[in-house]
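A.B. asks: Shown below is the structure under consideration.
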Amino acid sequence: MINVSKTILFSTALSVISFTAHAKIYSDQIVLDKLGEDICRFDYRALNNSEAQEHKTALISRMNVWDIVGLQHDWVIMGSGYHGLIKPGQPSDNTWCYPNTPDAGLPYYEAQAIETNNNLDVQRALVSDNTNFIRPLSYLAHSLGYAWVSGNNGRYVGQDMAIEQLSHGWEIKGNNNGSCTGERCNEKTTITVDNFSYVLDNTAFWHGSVEETDQDLVNTLTAYAINKTDQPKQIVVDLHFKQSTQWSKTQRFDLADSVVIDETFHWPQVGKTEVRVALEEDQRFSDTNSGARFEPTELQAIITVPAHSVLPFQVEFLRSTISYPYRIKTNMSYDVSFTGFLRYSGNALSSHPTNRPTVSHTFTMGTTSEDQANIRYQWDHRYIPGEMKWWDWSWAINTNGLSSMQYAAGASVRPFYSHVSGQFSAESQYSGMIDIGAEHSVDSFDTTTFNNHETYYAGDIKIVTDFAPDTLAQLGYQNAQLVINPVQQ
């Protein structure tokens, strides 16, 4: 069969699940010490009788028929010749021991980025990554007992693997070119990768260089309040309209068509231009690429017009624009299926068959899944007898070594991610305040020179203005209304 390289299997993971001493008993952490009755190596303690009872099957499988091994407080467990009897008072020179601080967790490997690209190219980059993808999955399949997880020209597991694109995903298996020797060596184990999904990561937003204009003047509403009486007069000026913000985004690659928004994404505020954009959940990132928001606005001023005077006032309508490249992280998930026959010499299937059955099993990577497809769930719950419904992870650990299995399983569930990217642009239309100018004498003011002005009256005050709601609507300021009333004396 294939050689297993030990060179990189003992990779250091970034972090490991914490473990509370004695809270759980992982049978693969139990060791046999031959130091005397109830004596264990440093930082280990003797297994007690209830723990031995819980893991009786695993312990007996590691004992000779007539072995008698000590437990805590002078208890012993006896081999299969004694029907696995657990009882007190029997002498023994050996002891089943358990570490005070077990190293039983599955490492969390750092997430790996895949360069932003089209969907198919992102998939291809993933399944072609020998170091971070093909190798750990190959070692996982081999460690679980699958046969022939390498090509005819490969000396070690995971070498000389051929990659083929399928209609629904990708197939990775050992190359069959040339000749091979060994039982059914032409029946290579197949690793199928499919059911790709992408979810937007709302917490990982970047933007590039920002191009932003600062309050471009779009239009100016001017008006003149004329008081020909002998007394100063007050008027109330109210201006109502809807200011607007319009935005748009582009996507550089078709990956955006496959990225799901599973939680409403509020586009971050960038620059001075106020933009409120919310991409609702349960849609694809590319489903919504533009939008507009209209917000009612009201300006008011109380103006005192002196006797025999003209008092000008105005409102400036402004526009700001912003544009910048963006990039948002998108987390990948996919299914990995192992299909092939299991080795006669030993396999981790829960029933440990010896007839070389062909077995197919699917694991889901990158997202939560049912227990059957969840490697981390199965690893973390292997301490529960009877929970090993699919794979006997403790057997695999005892057979291949803890470090080897932590690499094979931990690196296989390493998260991968890419990005959606493109250009974001927005335009915000708003106004300044009602500005009041300097008064003029009525005699120096000639309204006949004005074009396109309307005349209104507010009590004794005459108003001449170029207010044009249709023009403002065309510029993006909807439902504009100018209301001027005299202040009751």
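Chain labels A, B, ... are given in the sequence in which chains occur in the structure tokens; within each chain residues are numbered consecutively from 1, and ligands are likewise numbered from 1 in the order shown.
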Skipping near chain neighbours, those fewer than 6 positions away, what residues fall within 7 Å of segment 306-318 of chain A using only C-alpha atoms, listed as a PyMOL selection string?

C.D. replies: chain A and resi 215-233+429-442

A.B. asks: Limited to N, CA and C atoms, could you put the picked residues into a file as an mmCIF file, in the first residue's frame?

C.D. replies:
```cif
data_model
loop_
_atom_site.group_PDB
_atom_site.id
_atom_site.type_symbol
_atom_site.label_atom_id
_atom_site.label_comp_id
_atom_site.auth_asym_id
_atom_site.auth_seq_id
_atom_site.Cartn_x
_atom_site.Cartn_y
_atom_site.Cartn_z
ATOM 1 N N GLN A 215 -19.994 69.372 -2.206
ATOM 2 C CA GLN A 215 -21.102 70.328 -2.304
ATOM 3 C C GLN A 215 -21.096 71.141 -3.613
ATOM 4 N N ASP A 216 -21.355 70.436 -4.697
ATOM 5 C CA ASP A 216 -21.550 71.145 -5.967
ATOM 6 C C ASP A 216 -22.896 71.868 -5.942
ATOM 7 N N LEU A 217 -22.896 73.116 -6.394
ATOM 8 C CA LEU A 217 -24.139 73.901 -6.450
ATOM 9 C C LEU A 217 -24.934 73.496 -7.679
ATOM 10 N N VAL A 218 -26.173 73.040 -7.435
ATOM 11 C CA VAL A 218 -27.031 72.567 -8.514
ATOM 12 C C VAL A 218 -28.022 73.646 -8.938
ATOM 13 N N ASN A 219 -28.606 74.325 -7.966
ATOM 14 C CA ASN A 219 -29.642 75.314 -8.257
ATOM 15 C C ASN A 219 -29.770 76.242 -7.051
ATOM 16 N N THR A 220 -30.210 77.453 -7.327
ATOM 17 C CA THR A 220 -30.442 78.412 -6.236
ATOM 18 C C THR A 220 -31.845 78.991 -6.361
ATOM 19 N N LEU A 221 -32.613 78.840 -5.307
ATOM 20 C CA LEU A 221 -33.933 79.457 -5.240
ATOM 21 C C LEU A 221 -33.748 80.859 -4.647
ATOM 22 N N THR A 222 -34.188 81.867 -5.384
ATOM 23 C CA THR A 222 -34.084 83.247 -4.872
ATOM 24 C C THR A 222 -35.479 83.850 -4.729
ATOM 25 N N ALA A 223 -35.617 84.726 -3.753
ATOM 26 C CA ALA A 223 -36.903 85.387 -3.518
ATOM 27 C C ALA A 223 -36.642 86.763 -2.892
ATOM 28 N N TYR A 224 -37.605 87.625 -3.069
ATOM 29 C CA TYR A 224 -37.502 88.991 -2.538
ATOM 30 C C TYR A 224 -38.805 89.318 -1.817
ATOM 31 N N ALA A 225 -38.685 89.720 -0.566
ATOM 32 C CA ALA A 225 -39.850 90.139 0.220
ATOM 33 C C ALA A 225 -39.904 91.663 0.211
ATOM 34 N N ILE A 226 -41.003 92.203 -0.303
ATOM 35 C CA ILE A 226 -41.119 93.662 -0.510
ATOM 36 C C ILE A 226 -42.166 94.221 0.443
ATOM 37 N N ASN A 227 -41.742 95.188 1.264
ATOM 38 C CA ASN A 227 -42.634 95.822 2.246
ATOM 39 C C ASN A 227 -42.733 97.311 1.930
ATOM 40 N N LYS A 228 -43.884 97.735 1.417
ATOM 41 C CA LYS A 228 -44.081 99.146 1.065
ATOM 42 C C LYS A 228 -44.822 99.933 2.145
ATOM 43 N N THR A 229 -45.082 99.260 3.272
ATOM 44 C CA THR A 229 -45.829 99.932 4.340
ATOM 45 C C THR A 229 -44.879 100.714 5.237
ATOM 46 N N ASP A 230 -45.520 101.446 6.180
ATOM 47 C CA ASP A 230 -44.719 102.260 7.108
ATOM 48 C C ASP A 230 -44.263 101.466 8.336
ATOM 49 N N GLN A 231 -44.650 100.192 8.422
ATOM 50 C CA GLN A 231 -44.314 99.376 9.581
ATOM 51 C C GLN A 231 -43.556 98.120 9.143
ATOM 52 N N PRO A 232 -42.581 97.679 9.972
ATOM 53 C CA PRO A 232 -41.932 96.389 9.670
ATOM 54 C C PRO A 232 -42.956 95.251 9.757
ATOM 55 N N LYS A 233 -42.780 94.272 8.913
ATOM 56 C CA LYS A 233 -43.699 93.145 8.854
ATOM 57 C C LYS A 233 -42.908 91.828 8.953
ATOM 58 N N GLN A 429 -28.350 64.483 -2.914
ATOM 59 C CA GLN A 429 -28.889 65.810 -3.227
ATOM 60 C C GLN A 429 -29.590 66.355 -1.999
ATOM 61 N N TYR A 430 -29.234 67.565 -1.603
ATOM 62 C CA TYR A 430 -29.742 68.155 -0.372
ATOM 63 C C TYR A 430 -29.707 69.668 -0.523
ATOM 64 N N SER A 431 -29.930 70.384 0.549
ATOM 65 C CA SER A 431 -29.958 71.843 0.457
ATOM 66 C C SER A 431 -29.243 72.462 1.643
ATOM 67 N N GLY A 432 -28.937 73.756 1.487
ATOM 68 C CA GLY A 432 -28.462 74.523 2.620
ATOM 69 C C GLY A 432 -29.654 75.109 3.378
ATOM 70 N N MET A 433 -29.387 76.045 4.281
ATOM 71 C CA MET A 433 -30.444 76.699 5.042
ATOM 72 C C MET A 433 -31.042 77.853 4.223
ATOM 73 N N ILE A 434 -32.091 78.481 4.770
ATOM 74 C CA ILE A 434 -32.648 79.684 4.149
ATOM 75 C C ILE A 434 -31.762 80.862 4.557
ATOM 76 N N ASP A 435 -31.057 81.367 3.593
ATOM 77 C CA ASP A 435 -30.126 82.484 3.850
ATOM 78 C C ASP A 435 -30.820 83.815 3.577
ATOM 79 N N ILE A 436 -30.655 84.761 4.484
ATOM 80 C CA ILE A 436 -31.285 86.088 4.363
ATOM 81 C C ILE A 436 -30.214 87.114 4.021
ATOM 82 N N GLY A 437 -30.497 87.907 2.969
ATOM 83 C CA GLY A 437 -29.518 88.885 2.512
ATOM 84 C C GLY A 437 -29.718 90.262 3.130
ATOM 85 N N ALA A 438 -29.012 91.228 2.561
ATOM 86 C CA ALA A 438 -29.078 92.613 3.065
ATOM 87 C C ALA A 438 -30.284 93.326 2.464
ATOM 88 N N GLU A 439 -30.917 94.156 3.265
ATOM 89 C CA GLU A 439 -32.120 94.883 2.811
ATOM 90 C C GLU A 439 -31.759 95.979 1.813
ATOM 91 N N HIS A 440 -32.751 96.304 0.988
ATOM 92 C CA HIS A 440 -32.625 97.407 0.021
ATOM 93 C C HIS A 440 -33.827 98.307 0.159
ATOM 94 N N SER A 441 -33.657 99.533 -0.311
ATOM 95 C CA SER A 441 -34.783 100.465 -0.349
ATOM 96 C C SER A 441 -35.756 100.044 -1.441
ATOM 97 N N VAL A 442 -37.050 100.181 -1.141
ATOM 98 C CA VAL A 442 -38.062 99.844 -2.146
ATOM 99 C C VAL A 442 -37.839 100.621 -3.428
#
```

A.B. asks: Show me, as JSON lines, the residues of segment 162-238 of chain A having an atom within 12 Å of segment 358-369 of chain A, each with the closest atom pair and its distance in Å, using only C-alpha atoms.

C.D. replies:
```
{"residue": "A:Arg184", "atom": "CA", "partner": "A:Thr358", "partner_atom": "CA", "distance": 11.8}
{"residue": "A:Glu187", "atom": "CA", "partner": "A:Thr358", "partner_atom": "CA", "distance": 10.2}
{"residue": "A:Lys188", "atom": "CA", "partner": "A:Thr358", "partner_atom": "CA", "distance": 11.1}
{"residue": "A:Thr189", "atom": "CA", "partner": "A:Thr358", "partner_atom": "CA", "distance": 9.4}
{"residue": "A:Thr190", "atom": "CA", "partner": "A:Ser360", "partner_atom": "CA", "distance": 9.2}
{"residue": "A:Ile191", "atom": "CA", "partner": "A:Thr362", "partner_atom": "CA", "distance": 9.6}
{"residue": "A:Thr192", "atom": "CA", "partner": "A:Thr362", "partner_atom": "CA", "distance": 8.8}
{"residue": "A:Val193", "atom": "CA", "partner": "A:Thr362", "partner_atom": "CA", "distance": 9.4}
{"residue": "A:Asp194", "atom": "CA", "partner": "A:Thr364", "partner_atom": "CA", "distance": 9.7}
{"residue": "A:Asn195", "atom": "CA", "partner": "A:Thr364", "partner_atom": "CA", "distance": 9.1}
{"residue": "A:Phe196", "atom": "CA", "partner": "A:Met365", "partner_atom": "CA", "distance": 9.7}
{"residue": "A:Ser197", "atom": "CA", "partner": "A:Gly366", "partner_atom": "CA", "distance": 9.1}
{"residue": "A:Tyr198", "atom": "CA", "partner": "A:Gly366", "partner_atom": "CA", "distance": 9.5}
{"residue": "A:Val199", "atom": "CA", "partner": "A:Thr367", "partner_atom": "CA", "distance": 9.7}
```

A.B. asks: Could those selected residues go to a file with N, CA and C atoms, as a compact mmCIF listing (two decimals), in the first residue's frame?

C.D. replies:
```txt
# COMPACT_ATOMS: atom_id res chain seq x y z
N ARG A 184 -6.15 -4.57 -6.17
CA ARG A 184 -7.11 -3.63 -6.77
C ARG A 184 -6.53 -2.22 -6.88
N GLU A 187 -8.18 0.68 -8.67
CA GLU A 187 -9.44 1.24 -8.15
C GLU A 187 -9.10 2.34 -7.15
N LYS A 188 -8.82 3.50 -7.67
CA LYS A 188 -8.40 4.62 -6.83
C LYS A 188 -9.60 5.23 -6.10
N THR A 189 -9.37 5.66 -4.89
CA THR A 189 -10.40 6.39 -4.14
C THR A 189 -10.66 7.73 -4.80
N THR A 190 -11.92 8.08 -4.92
CA THR A 190 -12.32 9.33 -5.56
C THR A 190 -12.73 10.35 -4.49
N ILE A 191 -12.23 11.57 -4.65
CA ILE A 191 -12.65 12.70 -3.81
C ILE A 191 -13.47 13.63 -4.70
N THR A 192 -14.76 13.73 -4.42
CA THR A 192 -15.65 14.59 -5.22
C THR A 192 -15.97 15.85 -4.41
N VAL A 193 -15.83 17.00 -5.06
CA VAL A 193 -16.10 18.29 -4.42
C VAL A 193 -17.20 18.98 -5.20
N ASP A 194 -18.32 19.26 -4.53
CA ASP A 194 -19.44 19.89 -5.23
C ASP A 194 -20.30 20.67 -4.22
N ASN A 195 -21.46 21.09 -4.70
CA ASN A 195 -22.41 21.83 -3.86
C ASN A 195 -21.77 23.09 -3.26
N PHE A 196 -21.09 23.86 -4.10
CA PHE A 196 -20.43 25.07 -3.64
C PHE A 196 -21.46 26.14 -3.25
N SER A 197 -21.19 26.82 -2.17
CA SER A 197 -22.02 27.95 -1.74
C SER A 197 -21.12 29.06 -1.23
N TYR A 198 -21.63 30.29 -1.32
CA TYR A 198 -20.88 31.45 -0.87
C TYR A 198 -21.83 32.35 -0.07
N VAL A 199 -21.35 32.80 1.08
CA VAL A 199 -22.16 33.68 1.95
C VAL A 199 -21.37 34.94 2.22
```

A.B. asks: With only C-alpha atoms as the atoms that count, which of A:Val270, A:Leu475, A:Ala147, A:Ile261 lies nearest to Arg356 of chain A?

C.D. replies: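 Closest candidate: A:Ala147.
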
A.B. asks: So that I can check the surroundings of segment 110-122 of chain A, please list as a PyMOL selection string every protein, DNA and RNA residue that reaches within 12 Å of it, counting only C-alpha atoms and ignoring chain neighbours fewer than 2 positions away.

C.D. replies: chain A and resi 12-16+107-108+124-129+131-133+165-170+194+196-198+251-259+326-332+366+410-422

A.B. asks: Skipping near chain neighbours, those fewer than 6 positions away, what residues fall within 9 Å of Pro99 of chain A using only C-alpha atoms, listed as a count of residues only?

C.D. replies: 11

A.B. asks: Ranking A:Ser290, A:Asn355, A:Asn400, A:Thr304 by minimum distance to Gln234 of chain A and counting only C-alpha atoms, which one comes first?

C.D. replies: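 Ranking A:Ser290, A:Asn355, A:Asn400, A:Thr304 by distance to Gln234 of chain A, first place goes to A:Thr304.
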
A.B. asks: Identify, with DSSP run on backbone atoms, the residues in segment 134-179 of chain A assigned to strand (DSSP E or B), and express the list as a PyMOL selection string.

C.D. replies: chain A and resi 146+156+161-165+169-174

A.B. asks: Hey, what's within 8 Å of segment 463-470 of chain A if we count only C-alpha atoms and toss same-chain stuff fewer than 4 positions away? As an mmCIF file with N, CA and C atoms, in the first residue's frame, please?

C.D. replies:
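Result file is part-v5.cif:
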```cif
data_model
loop_
_atom_site.group_PDB
_atom_site.id
_atom_site.type_symbol
_atom_site.label_atom_id
_atom_site.label_comp_id
_atom_site.auth_asym_id
_atom_site.auth_seq_id
_atom_site.Cartn_x
_atom_site.Cartn_y
_atom_site.Cartn_z
ATOM 1 N N LEU A 221 -32.613 78.840 -5.307
ATOM 2 C CA LEU A 221 -33.933 79.457 -5.240
ATOM 3 C C LEU A 221 -33.748 80.859 -4.647
ATOM 4 N N THR A 222 -34.188 81.867 -5.384
ATOM 5 C CA THR A 222 -34.084 83.247 -4.872
ATOM 6 C C THR A 222 -35.479 83.850 -4.729
ATOM 7 N N ALA A 223 -35.617 84.726 -3.753
ATOM 8 C CA ALA A 223 -36.903 85.387 -3.518
ATOM 9 C C ALA A 223 -36.642 86.763 -2.892
ATOM 10 N N TYR A 224 -37.605 87.625 -3.069
ATOM 11 C CA TYR A 224 -37.502 88.991 -2.538
ATOM 12 C C TYR A 224 -38.805 89.318 -1.817
ATOM 13 N N ALA A 225 -38.685 89.720 -0.566
ATOM 14 C CA ALA A 225 -39.850 90.139 0.220
ATOM 15 C C ALA A 225 -39.904 91.663 0.211
ATOM 16 N N ILE A 226 -41.003 92.203 -0.303
ATOM 17 C CA ILE A 226 -41.119 93.662 -0.510
ATOM 18 C C ILE A 226 -42.166 94.221 0.443
ATOM 19 N N THR A 447 -38.648 95.247 -10.046
ATOM 20 C CA THR A 447 -39.011 93.856 -10.339
ATOM 21 C C THR A 447 -39.301 93.612 -11.803
ATOM 22 N N ASN A 452 -39.020 85.026 -15.600
ATOM 23 C CA ASN A 452 -39.414 83.733 -15.031
ATOM 24 C C ASN A 452 -39.583 83.784 -13.524
ATOM 25 N N HIS A 453 -40.117 84.840 -13.039
ATOM 26 C CA HIS A 453 -40.401 84.991 -11.617
ATOM 27 C C HIS A 453 -41.913 85.018 -11.405
ATOM 28 N N GLU A 454 -42.312 84.497 -10.246
ATOM 29 C CA GLU A 454 -43.716 84.516 -9.861
ATOM 30 C C GLU A 454 -43.902 85.473 -8.692
ATOM 31 N N THR A 455 -45.130 85.991 -8.569
ATOM 32 C CA THR A 455 -45.433 86.931 -7.486
ATOM 33 C C THR A 455 -46.480 86.329 -6.557
ATOM 34 N N TYR A 456 -46.204 86.405 -5.248
ATOM 35 C CA TYR A 456 -47.121 85.919 -4.211
ATOM 36 C C TYR A 456 -47.326 87.041 -3.205
ATOM 37 N N TYR A 457 -48.380 86.924 -2.403
ATOM 38 C CA TYR A 457 -48.646 87.913 -1.356
ATOM 39 C C TYR A 457 -48.840 87.193 -0.029
ATOM 40 N N ALA A 458 -48.218 87.732 0.972
ATOM 41 C CA ALA A 458 -48.389 87.260 2.342
ATOM 42 C C ALA A 458 -48.805 88.460 3.177
ATOM 43 N N GLN A 474 -36.904 67.783 -11.720
ATOM 44 C CA GLN A 474 -36.004 67.243 -12.738
ATOM 45 C C GLN A 474 -34.583 67.077 -12.203
ATOM 46 N N GLN A 478 -37.861 66.202 -5.171
ATOM 47 C CA GLN A 478 -39.253 65.915 -5.474
ATOM 48 C C GLN A 478 -40.206 66.657 -4.527
ATOM 49 N N ASN A 479 -41.442 66.901 -5.062
ATOM 50 C CA ASN A 479 -42.557 67.428 -4.259
ATOM 51 C C ASN A 479 -42.219 68.732 -3.550
ATOM 52 N N ALA A 480 -41.535 69.620 -4.240
ATOM 53 C CA ALA A 480 -41.144 70.890 -3.615
ATOM 54 C C ALA A 480 -42.361 71.811 -3.469
ATOM 55 N N GLN A 481 -42.487 72.417 -2.281
ATOM 56 C CA GLN A 481 -43.553 73.378 -1.993
ATOM 57 C C GLN A 481 -42.965 74.553 -1.228
ATOM 58 N N LEU A 482 -43.334 75.767 -1.669
ATOM 59 C CA LEU A 482 -42.926 76.996 -0.977
ATOM 60 C C LEU A 482 -44.176 77.648 -0.401
#
```

A.B. asks: May I ask for the distance between atom CA of Ala204 of chain A and atom CA of Val275 of chain A, given in Å to one decimal place?

C.D. replies: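 Taking atom CA of Ala204 of chain A and atom CA of Val275 of chain A, their separation equals 18.6 Å.
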
A.B. asks: Between atom CA of Pro357 of chain A and atom CA of Cys185 of chain A, measure the distance and give it in Å to one decimal.

C.D. replies: 14.7 Å

A.B. asks: Please identify which residues in segment 267-375 of chain A DSSP calls helix (DSSP H, G or I) from the backbone, and express them as a VMD selection string.

C.D. replies: chain A and resid 371 to 373 375

A.B. asks: What is the distance between atom CA of Val76 of chain A and atom CA of Lys34 of chain A, in Å to one decimal?

C.D. replies: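 Atom CA of Lys34 of chain A lies at a distance of 13.8 Å from atom CA of Val76 of chain A.
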
A.B. asks: Set the distance at 10 Å and use only C-alpha atoms: which residues neighbour Ser351 of chain A once local chain neighbours fewer than 6 positions away are removed? I'd like the list as a ChimeraX atom specification.

C.D. replies: /A:388-392

A.B. asks: With C-alpha atoms retained, could you export that selection as a tab-separated table (two decimals), in the first residue's frame?

C.D. replies:
```
chain	number	residue	atom	x	y	z
A	388	MET	CA	-19.55	6.79	16.66
A	389	LYS	CA	-22.30	5.96	14.20
A	390	TRP	CA	-20.21	6.63	11.13
A	391	TRP	CA	-16.48	6.74	11.84
A	392	ASP	CA	-14.49	5.51	14.82
```
